[in-house]
Every structure is written in structure tokens, then in C-alpha cells.
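A.B. asks: Coordinates in input-v9.txt, compact mmCIF, C-alpha atoms, are listed below.
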# COMPACT_ATOMS: atom_id res chain seq x y z
CA ASP S 1 0.00 0.00 0.00
CA VAL S 2 2.46 2.64 -1.21
CA HIS S 3 3.05 4.77 -4.30
CA VAL S 4 5.53 3.19 -6.72
CA LYS S 5 7.92 6.18 -6.47
CA LYS S 6 8.20 5.77 -2.71
CA LEU S 7 8.75 2.05 -3.13
CA PHE S 8 11.45 2.70 -5.72
CA PHE S 9 13.14 5.35 -3.57
CA THR S 10 13.35 2.93 -0.66
CA THR S 11 14.49 -0.14 -2.59
CA VAL S 12 17.07 1.59 -4.80
CA HIS S 13 18.81 3.62 -2.07
CA PHE S 14 21.60 1.58 -0.55
CA GLU S 15 21.43 3.20 2.89
CA PHE S 16 18.09 1.42 3.44
CA ARG S 17 19.01 -2.08 2.19
CA ASN S 18 20.22 -3.46 5.51
CA GLN S 19 17.02 -2.22 7.15
CA TRP S 20 14.76 -4.41 5.05
CA LEU S 21 16.66 -7.00 3.00
CA GLU S 22 17.32 -9.95 5.30
CA GLY S 23 20.93 -11.10 5.47
CA VAL S 24 22.39 -7.75 4.38
CA LYS S 25 24.58 -6.24 7.09
CA LYS S 26 25.67 -3.19 5.11
CA ILE S 27 26.34 -1.79 1.67
CA ASP S 28 29.49 0.20 1.01
CA GLY S 29 31.91 1.06 -1.76
CA VAL S 30 29.04 2.64 -3.65
CA ASP S 31 30.10 4.13 -6.99
CA HIS S 32 27.07 6.39 -7.27
CA PHE S 33 24.19 7.24 -4.98
CA ILE S 34 21.54 6.06 -7.48
CA PRO S 35 22.59 3.00 -9.47
CA GLY S 36 23.16 3.28 -13.18
CA ILE S 37 24.23 0.51 -15.51
CA GLY S 38 27.80 -0.42 -14.66
CA SER S 39 27.85 1.16 -11.19
CA GLY S 40 28.91 -1.12 -8.38
CA HIS S 41 28.81 -1.63 -4.64
CA ARG S 42 29.99 -4.08 -2.02
CA CYS S 43 27.28 -5.99 -0.17
CA VAL S 44 28.31 -7.32 3.24
CA LEU S 45 26.22 -10.36 4.14
CA GLU S 46 26.17 -12.56 7.23
CA ASN S 47 28.93 -14.89 6.02
CA GLU S 48 30.43 -13.25 2.96
CA GLU S 49 30.98 -10.10 0.95
CA VAL S 50 29.98 -9.79 -2.70
CA PHE S 51 30.60 -7.06 -5.22
CA LEU S 52 27.45 -6.32 -7.21
CA ILE S 53 27.12 -4.38 -10.44
CA THR S 54 23.94 -2.72 -11.64
CA SER S 55 23.33 -4.60 -14.86
CA SER S 56 20.03 -3.07 -16.00
CA PHE S 57 17.92 -0.05 -15.20
CA SER S 58 14.62 1.20 -16.60
CA TYR S 59 12.51 3.93 -15.02
CA ASP S 60 8.91 4.51 -16.07
CA PRO S 61 6.86 5.05 -12.89
CA GLU S 62 3.64 5.10 -14.90
CA THR S 63 4.05 1.48 -16.02
CA ARG S 64 7.13 -0.28 -14.62
CA ILE S 65 10.48 0.32 -12.96
CA THR S 66 13.16 -2.35 -13.15
CA PHE S 67 16.75 -2.64 -12.09
CA SER S 68 19.04 -5.58 -11.61
CA GLU S 69 22.23 -6.33 -9.74
CA THR S 70 24.62 -9.03 -10.91
CA GLU S 71 27.44 -10.52 -8.87
CA GLU S 72 30.71 -9.38 -10.48
CA LYS S 73 31.70 -12.90 -11.57
CA GLY S 74 28.23 -13.60 -12.97
CA LYS S 75 27.36 -16.24 -10.35
CA HIS S 76 23.87 -14.83 -9.78
CA ALA S 77 21.64 -11.83 -10.41
CA MET S 78 18.66 -10.25 -8.67
CA TYR S 79 15.99 -8.33 -10.58
CA PHE S 80 13.80 -5.78 -8.84
CA ILE S 81 10.51 -5.17 -10.68
CA LEU S 82 8.21 -2.43 -9.40
CA GLU S 83 4.76 -1.90 -10.85
CA PRO S 84 2.11 0.67 -9.93
CA LEU S 85 -1.28 -0.85 -9.12
CA GLY S 86 -3.04 2.46 -8.47
CA GLU S 87 -2.33 5.81 -6.85
CA SER S 88 -1.09 4.34 -3.57
CA LYS S 89 -0.57 0.67 -4.32
CA SER S 90 2.41 -1.08 -5.88
CA ARG S 91 3.87 -4.50 -6.46
CA LEU S 92 7.51 -5.43 -5.90
CA THR S 93 8.72 -8.63 -7.51
CA LEU S 94 12.21 -9.96 -6.79
CA GLU S 95 13.58 -12.48 -9.26
CA ALA S 96 16.77 -14.43 -8.62
CA TYR S 97 18.73 -15.85 -11.55
CA VAL S 98 21.56 -18.36 -11.60
CA PRO S 99 23.58 -18.78 -14.80
CA ASN S 100 23.92 -22.48 -15.43
CA ARG S 101 22.00 -25.72 -15.11
CA LEU S 102 24.13 -27.25 -12.33
CA THR S 103 23.95 -24.13 -10.20
CA LYS S 104 20.20 -23.97 -10.79
CA ILE S 105 19.72 -27.59 -9.69
CA LEU S 106 21.79 -26.99 -6.56
CA PHE S 107 19.81 -23.82 -5.87
CA LEU S 108 16.48 -25.60 -6.23
CA LEU S 109 17.58 -28.45 -3.97
CA PHE S 110 19.32 -26.54 -1.20
CA MET S 111 18.63 -22.79 -1.31
CA LYS S 112 15.21 -22.03 -2.78
CA ARG S 113 13.13 -22.65 0.34
CA LYS S 114 15.56 -20.71 2.55
CA MET S 115 15.64 -17.79 0.12
CA GLN S 116 11.83 -17.70 -0.14
CA GLY S 117 11.56 -17.43 3.65
CA GLU S 118 14.19 -14.68 3.76
CA LEU S 119 12.43 -12.72 1.02
CA GLU S 120 9.02 -13.06 2.67
CA ARG S 121 10.46 -11.70 5.92
CA SER S 122 12.21 -8.97 3.91
CA MET S 123 8.89 -7.89 2.40
CA ASP S 124 7.42 -7.57 5.90
CA LYS S 125 10.40 -5.46 7.00
CA LEU S 126 10.13 -3.33 3.86
CA ASN S 127 6.45 -2.74 4.51
CA GLU S 128 7.27 -1.47 8.01
CA LEU S 129 10.19 0.66 6.80
CA LEU S 130 8.04 2.33 4.13
CA LYS S 131 5.76 3.74 6.82
CA GLY S 132 8.59 5.99 8.02
CA ILE S 133 10.03 7.02 4.65
CA VAL S 134 9.40 10.57 3.46
CA LEU S 135 10.20 11.32 -0.15
CA PRO S 136 12.26 14.40 -0.97
CA VAL S 137 10.11 17.00 -2.72
CA GLU S 138 12.07 16.75 -5.98
CA PHE S 139 11.76 12.97 -6.18
Using the file provided, produce a representation of the structure as C-alpha cells.
C.D. replies:
Amino acid sequence: DVHVKKLFFTTVHFEFRNQWLEGVKKIDGVDHFIPGIGSGHRCVLENEEVFLITSSFSYDPETRITFSETEEKGKHAMYFILEPLGESKSRLTLEAYVPNRLTKILFLLFMKRKMQGELERSMDKLNELLKGIVLPVEF
């Protein structure tokens, strides 16, 4: 229950990621404050650090906003898809991609259920965080 621009503002800004995306401790090494294709950042997780590169970006708040982050060695990618469903309603879809068949099989067997639980809890946290977010006037 939020306008798509507010949802985008909150999901795209790195300073909020650790407040809603489960498993993320912090984001640093940010090349640019709003991601553009080719910009990168370091994501510090519970047990590892990964360098992510913004691999796609499309902004049309009237129909759809998408951006993706790919691990620098191409091991996996996450797509963020934001769609307006009305004046103050939006949908956020997170899609995880793995590059090859073996990795996909291993993911399906050992990681999918865990990741689904983490993302469901992340959506709850995001919903709570959005209540306190105030958009800058120029956004």
C-alpha cells in the first residue's frame, strides 16, 4: 500500500538495504548514490561479501520500474521489478537468476526454500520501513 515512487526510492537507495533485506549487514563502496548501468557496490552479508554491479535499469513510474544487480563474476543476479497498481498501491517482484543448469539444480535443492523465507520476511520489513520514509520533494 504505497506509491511506486516511494517504493522505488526505498528499494534503490543503498542506505536502506540493511534495514529491510534480510541477510544484508551493510552496503558500502558505492560508486554512485543512485545506481546506473555499470555502477557497483559491495554488499556485506552474514557470512560473505559480494561485489554487485547494476546490470540493467529502466525507469517509467507510470508502467514499470526495473533494475538488476549481478554478482561481479556472474554467479547470480537479482531483478527488482516495481509496478504501480493504483495511486497508492504497488507490487515489488524480486527475481533471482543463476547462470547455469548445475547451479540452478543446486539452488532448487538446497537454497530455494531458505531464500523464499528470507524474502518473505524482507517484504514484511520493507512494509514497516516504508511507513517511516518521506520522499524528498524533488523525487
A.B. asks: For Lys73 in chain S, find every residue with an atom within 10 Å (counting all atoms listed in the file), except residues of its own chain fewer than 3 positions away, and show them as a list in words.
C.D. replies: Val50, Phe51, Leu52, Ile53, Thr70 and His76 of chain S
A.B. asks: Rank nothing, just name the residue among S:Phe107, S:Phe16, S:Phe9, S:Tyr97 nearest to Glu71 in chain S, using all atoms listed in the file.
C.D. replies: S:Tyr97
A.B. asks: Give as a list in words every residue, naming chains and numbers as the document does, that has an atom within 12 Å of (21.8, -10.8, -18.3), counting all atoms listed in the file.
C.D. replies: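 Nearby residues: Ile37, Ile53, Thr54, Ser55, Ser56, Phe57, Phe67, Ser68, Glu69, Thr70, Glu71, Glu72, Gly74, Lys75, His76, Ala77, Met78, Tyr79, Ala96, Tyr97, Val98 and Pro99 of chain S.
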A.B. asks: Could you check the closest approach to Thr66 in chain S for each of S:Gly36, S:Gly29, S:Gly86, S:Gly117 and tell me which residue wins, using only C-alpha atoms?
C.D. replies: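 Of all the options, S:Gly36 lies closest to Thr66 in chain S.
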A.B. asks: One decimal, in Å: what's the spacing between CA of Leu126 in chain S and CA of His3 in chain S?
C.D. replies: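 Distance between the two atoms: 13.5 Å.
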A.B. asks: Identify which of the residues S:Phe8, S:Phe14, S:Trp20, S:Phe110 lies closest to Lys125 in chain S, counting all atoms listed in the file when measuring atom-to-atom distances.
C.D. replies: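 Comparing S:Phe8, S:Phe14, S:Trp20, S:Phe110 against Lys125 in chain S, the winner is S:Trp20.
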